[in-house]
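Everything on this sheet refers to the single structure shown next.
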Amino acid sequence: MKKQATDTGAVLQLSGELVFIDSQDFMREAALRVEDDGPNIVFDMAGLKFIDSAGLGAILYLSEALRMRGQKLEIRNANDNNKKLLKTIQNVGTFTVAD
């Protein structure tokens, strides 16, 4: 996970896979990396190949944690499979998925 600061927040570039074994560390690390970065947080998923159910849960958790801190989460550049999964849980979470 790489971070790039922006004028209004931060972009986290995700790569590899977001699966059960990594989900706890991902939730902790992502929340800490953007803690003081402004209101707009973007997860750039161009390099993320696969998300399992635990990874989806981690994204839901982070979207709510960020919302409670006054930050908004937007997901960009998800591949077709990941975008389909994210859109099925989007109504439960507090994030947007860019087309």
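Note on naming: chains are A, B, ... as they come in the structure tokens, residues start from 1 per chain, ligands start from 1 in the order shown.
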
Please report, as a PyMOL selection string, each residue of chain A to which DSSP assigns strand (DSSP E) when run on this structure's backbone.
chain A and resi 2-5+9-18+40-51+72-76+95-97

Find the residues near stretch 69-79 of chain A: any atom within 12 Å, counting only C-alpha atoms, skip ones fewer than 2 places away on the same chain, and give them as a PyMOL selection string.
chain A and resi 8-15+30-32+34-51+59-67+81-87+90+93-99

Could you write out the selected residues, including N, CA and C atoms, as a compact mmCIF listing (two decimals), in the first residue's frame?
```txt
# COMPACT_ATOMS: atom_id res chain seq x y z
N THR A 8 -6.67 17.77 -0.67
CA THR A 8 -7.84 17.59 0.19
C THR A 8 -7.88 16.25 0.91
N GLY A 9 -6.80 15.50 0.87
CA GLY A 9 -6.81 14.19 1.52
C GLY A 9 -5.63 13.35 1.11
N ALA A 10 -5.93 12.09 0.76
CA ALA A 10 -4.86 11.17 0.38
C ALA A 10 -5.40 10.08 -0.53
N VAL A 11 -4.49 9.52 -1.32
CA VAL A 11 -4.78 8.37 -2.17
C VAL A 11 -3.92 7.21 -1.68
N LEU A 12 -4.57 6.10 -1.39
CA LEU A 12 -3.84 4.86 -1.07
C LEU A 12 -3.91 3.95 -2.29
N GLN A 13 -2.76 3.62 -2.82
CA GLN A 13 -2.69 2.72 -3.97
C GLN A 13 -2.56 1.30 -3.45
N LEU A 14 -3.57 0.50 -3.74
CA LEU A 14 -3.60 -0.89 -3.27
C LEU A 14 -3.14 -1.82 -4.37
N SER A 15 -2.45 -2.89 -3.98
CA SER A 15 -2.00 -3.85 -4.97
C SER A 15 -2.04 -5.25 -4.38
N ALA A 30 -4.28 1.13 7.05
CA ALA A 30 -4.95 2.12 6.20
C ALA A 30 -5.52 3.25 7.04
N ALA A 31 -6.15 2.92 8.16
CA ALA A 31 -6.73 3.96 9.02
C ALA A 31 -5.64 4.88 9.58
N LEU A 32 -4.53 4.31 9.98
CA LEU A 32 -3.42 5.12 10.52
C LEU A 32 -2.77 6.00 9.45
N VAL A 34 -3.99 7.48 6.90
CA VAL A 34 -4.78 8.64 6.43
C VAL A 34 -5.39 9.44 7.57
N GLU A 35 -4.95 9.18 8.78
CA GLU A 35 -5.57 9.78 9.97
C GLU A 35 -5.61 11.30 9.92
N ASP A 36 -4.55 11.95 9.50
CA ASP A 36 -4.49 13.41 9.51
C ASP A 36 -4.41 14.00 8.11
N ASP A 37 -5.02 13.36 7.14
CA ASP A 37 -4.81 13.75 5.75
C ASP A 37 -5.97 14.50 5.10
N GLY A 38 -6.94 14.94 5.83
CA GLY A 38 -8.02 15.69 5.21
C GLY A 38 -9.25 14.85 4.95
N PRO A 39 -10.29 15.47 4.38
CA PRO A 39 -11.59 14.82 4.31
C PRO A 39 -11.79 13.82 3.19
N ASN A 40 -10.95 13.83 2.17
CA ASN A 40 -11.19 12.97 1.00
C ASN A 40 -10.13 11.89 0.87
N ILE A 41 -10.57 10.65 1.07
CA ILE A 41 -9.66 9.51 0.99
C ILE A 41 -10.06 8.67 -0.22
N VAL A 42 -9.08 8.30 -1.01
CA VAL A 42 -9.31 7.49 -2.20
C VAL A 42 -8.51 6.20 -2.07
N PHE A 43 -9.17 5.08 -2.34
CA PHE A 43 -8.48 3.81 -2.50
C PHE A 43 -8.38 3.57 -4.00
N ASP A 44 -7.17 3.64 -4.54
CA ASP A 44 -6.94 3.36 -5.95
C ASP A 44 -6.64 1.88 -6.07
N MET A 45 -7.57 1.14 -6.68
CA MET A 45 -7.47 -0.31 -6.75
C MET A 45 -6.96 -0.83 -8.08
N ALA A 46 -6.28 0.02 -8.84
CA ALA A 46 -5.79 -0.40 -10.16
C ALA A 46 -4.89 -1.64 -10.06
N GLY A 47 -4.14 -1.77 -8.99
CA GLY A 47 -3.24 -2.90 -8.83
C GLY A 47 -3.79 -4.03 -7.97
N LEU A 48 -5.03 -3.90 -7.52
CA LEU A 48 -5.62 -4.93 -6.66
C LEU A 48 -6.32 -5.97 -7.52
N LYS A 49 -5.83 -7.19 -7.48
CA LYS A 49 -6.34 -8.25 -8.34
C LYS A 49 -7.59 -8.92 -7.79
N PHE A 50 -7.66 -9.08 -6.46
CA PHE A 50 -8.71 -9.92 -5.88
C PHE A 50 -9.07 -9.43 -4.49
N ILE A 51 -10.37 -9.50 -4.16
CA ILE A 51 -10.87 -9.21 -2.82
C ILE A 51 -11.76 -10.37 -2.40
N ILE A 59 -13.12 -3.24 4.08
CA ILE A 59 -13.48 -1.99 3.41
C ILE A 59 -14.72 -1.37 4.06
N LEU A 60 -15.70 -2.20 4.39
CA LEU A 60 -16.88 -1.69 5.10
C LEU A 60 -16.49 -1.06 6.43
N TYR A 61 -15.67 -1.76 7.18
CA TYR A 61 -15.21 -1.24 8.47
C TYR A 61 -14.50 0.09 8.30
N LEU A 62 -13.57 0.15 7.35
CA LEU A 62 -12.82 1.39 7.13
C LEU A 62 -13.72 2.53 6.68
N SER A 63 -14.69 2.23 5.82
CA SER A 63 -15.57 3.30 5.36
C SER A 63 -16.32 3.93 6.53
N GLU A 64 -16.76 3.11 7.46
CA GLU A 64 -17.47 3.63 8.63
C GLU A 64 -16.52 4.35 9.59
N ALA A 65 -15.33 3.79 9.80
CA ALA A 65 -14.35 4.45 10.68
C ALA A 65 -13.96 5.81 10.12
N LEU A 66 -13.75 5.89 8.82
CA LEU A 66 -13.41 7.17 8.20
C LEU A 66 -14.57 8.15 8.31
N ARG A 67 -15.79 7.68 8.08
CA ARG A 67 -16.97 8.54 8.20
C ARG A 67 -17.07 9.14 9.59
N ASN A 81 -14.40 -7.47 -11.72
CA ASN A 81 -14.86 -8.38 -10.66
C ASN A 81 -14.93 -7.68 -9.31
N ASN A 82 -13.89 -6.93 -8.97
CA ASN A 82 -13.89 -6.23 -7.69
C ASN A 82 -14.97 -5.16 -7.65
N LYS A 83 -15.17 -4.46 -8.76
CA LYS A 83 -16.21 -3.43 -8.81
C LYS A 83 -17.59 -4.04 -8.58
N LYS A 84 -17.83 -5.19 -9.19
CA LYS A 84 -19.12 -5.88 -9.02
C LYS A 84 -19.34 -6.22 -7.55
N LEU A 85 -18.32 -6.77 -6.89
CA LEU A 85 -18.44 -7.10 -5.47
C LEU A 85 -18.67 -5.85 -4.62
N LEU A 86 -17.91 -4.80 -4.89
CA LEU A 86 -18.04 -3.56 -4.11
C LEU A 86 -19.42 -2.94 -4.27
N LYS A 87 -19.96 -3.00 -5.47
CA LYS A 87 -21.29 -2.41 -5.69
C LYS A 87 -22.38 -3.18 -4.95
N GLN A 90 -22.16 -1.72 -1.43
CA GLN A 90 -22.06 -0.26 -1.34
C GLN A 90 -23.19 0.34 -0.49
N GLY A 93 -22.21 0.13 3.20
CA GLY A 93 -21.09 0.96 3.60
C GLY A 93 -21.34 2.43 3.35
N THR A 94 -20.33 3.20 3.66
CA THR A 94 -20.40 4.65 3.45
C THR A 94 -19.26 5.06 2.53
N PHE A 95 -19.23 4.46 1.36
CA PHE A 95 -18.20 4.76 0.36
C PHE A 95 -18.86 4.84 -1.00
N THR A 96 -18.15 5.43 -1.95
CA THR A 96 -18.61 5.46 -3.32
C THR A 96 -17.63 4.70 -4.20
N VAL A 97 -18.14 4.16 -5.29
CA VAL A 97 -17.32 3.45 -6.26
C VAL A 97 -17.40 4.23 -7.56
N ALA A 98 -16.26 4.76 -8.00
CA ALA A 98 -16.21 5.52 -9.24
C ALA A 98 -16.29 4.56 -10.42
N ASP A 99 -17.01 4.97 -11.45
CA ASP A 99 -17.13 4.13 -12.65
C ASP A 99 -15.98 4.25 -13.56
```

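Residue nearest A:Leu56 within the list A:Met68, A:Asp80, A:Glu17, A:Gln4: A:Glu17 [criterion: smallest interatomic distance, only C-alpha atoms].
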
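The space separating atom CA of A:Gln24 from atom CA of A:Ala58 comes to 7.3 Å.
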
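Going from atom CA of A:Ser53 to atom CA of A:Ile89 covers 10.5 Å.
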
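Taking the backbone of this structure through DSSP, the residues of stretch 45-94 of chain A that come out as alpha helix (DSSP H) are Ser53, Ala54, Gly55, Leu56, Gly57, Ala58, Ile59, Leu60, Tyr61, Leu62, Ser63, Glu64, Ala65, Leu66, Arg67, Met68, Asp80, Asn81, Asn82, Lys83, Lys84, Leu85, Leu86, Lys87, Thr88 and Ile89 of chain A.
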
Let me see the file: selected residues, N, CA and C atoms, as a compact mmCIF listing (two decimals), in the first residue's frame.
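Ended up saving to selection-v1.txt:
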```
# COMPACT_ATOMS: atom_id res chain seq x y z
N SER A 53 -14.26 -12.11 0.91
CA SER A 53 -15.30 -11.58 1.79
C SER A 53 -14.71 -10.83 3.00
N ALA A 54 -13.59 -11.30 3.51
CA ALA A 54 -12.95 -10.60 4.64
C ALA A 54 -12.41 -9.25 4.17
N GLY A 55 -11.90 -9.19 2.96
CA GLY A 55 -11.44 -7.92 2.40
C GLY A 55 -12.58 -6.94 2.22
N LEU A 56 -13.72 -7.44 1.78
CA LEU A 56 -14.91 -6.58 1.67
C LEU A 56 -15.33 -6.08 3.04
N GLY A 57 -15.26 -6.95 4.04
CA GLY A 57 -15.59 -6.53 5.40
C GLY A 57 -14.64 -5.46 5.90
N ALA A 58 -13.37 -5.58 5.56
CA ALA A 58 -12.38 -4.57 5.96
C ALA A 58 -12.69 -3.22 5.33
N ILE A 59 -13.12 -3.24 4.08
CA ILE A 59 -13.48 -1.99 3.41
C ILE A 59 -14.72 -1.37 4.06
N LEU A 60 -15.70 -2.20 4.39
CA LEU A 60 -16.88 -1.69 5.10
C LEU A 60 -16.49 -1.06 6.43
N TYR A 61 -15.67 -1.76 7.18
CA TYR A 61 -15.21 -1.24 8.47
C TYR A 61 -14.50 0.09 8.30
N LEU A 62 -13.57 0.15 7.35
CA LEU A 62 -12.82 1.39 7.13
C LEU A 62 -13.72 2.53 6.68
N SER A 63 -14.69 2.23 5.82
CA SER A 63 -15.57 3.30 5.36
C SER A 63 -16.32 3.93 6.53
N GLU A 64 -16.76 3.11 7.46
CA GLU A 64 -17.47 3.63 8.63
C GLU A 64 -16.52 4.35 9.59
N ALA A 65 -15.33 3.79 9.80
CA ALA A 65 -14.35 4.45 10.68
C ALA A 65 -13.96 5.81 10.12
N LEU A 66 -13.75 5.89 8.82
CA LEU A 66 -13.41 7.17 8.20
C LEU A 66 -14.57 8.15 8.31
N ARG A 67 -15.79 7.68 8.08
CA ARG A 67 -16.97 8.54 8.20
C ARG A 67 -17.07 9.14 9.59
N MET A 68 -16.79 8.34 10.60
CA MET A 68 -16.87 8.81 11.98
C MET A 68 -15.80 9.87 12.27
N ASP A 80 -13.21 -5.20 -13.03
CA ASP A 80 -14.64 -5.52 -13.18
C ASP A 80 -15.16 -6.43 -12.07
N ASN A 81 -14.40 -7.47 -11.72
CA ASN A 81 -14.86 -8.38 -10.66
C ASN A 81 -14.93 -7.68 -9.31
N ASN A 82 -13.89 -6.93 -8.97
CA ASN A 82 -13.89 -6.23 -7.69
C ASN A 82 -14.97 -5.16 -7.65
N LYS A 83 -15.17 -4.46 -8.76
CA LYS A 83 -16.21 -3.43 -8.81
C LYS A 83 -17.59 -4.04 -8.58
N LYS A 84 -17.83 -5.19 -9.19
CA LYS A 84 -19.12 -5.88 -9.02
C LYS A 84 -19.34 -6.22 -7.55
N LEU A 85 -18.32 -6.77 -6.89
CA LEU A 85 -18.44 -7.10 -5.47
C LEU A 85 -18.67 -5.85 -4.62
N LEU A 86 -17.91 -4.80 -4.89
CA LEU A 86 -18.04 -3.56 -4.11
C LEU A 86 -19.42 -2.94 -4.27
N LYS A 87 -19.96 -3.00 -5.47
CA LYS A 87 -21.29 -2.41 -5.69
C LYS A 87 -22.38 -3.18 -4.95
N THR A 88 -22.16 -4.49 -4.72
CA THR A 88 -23.17 -5.26 -3.99
C THR A 88 -23.22 -4.88 -2.51
N ILE A 89 -22.12 -4.36 -1.97
CA ILE A 89 -22.11 -3.98 -0.55
C ILE A 89 -22.13 -2.46 -0.35
```

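Put simply, atom CA of A:Arg33 is 7.5 Å away from atom CA of A:Lys3.
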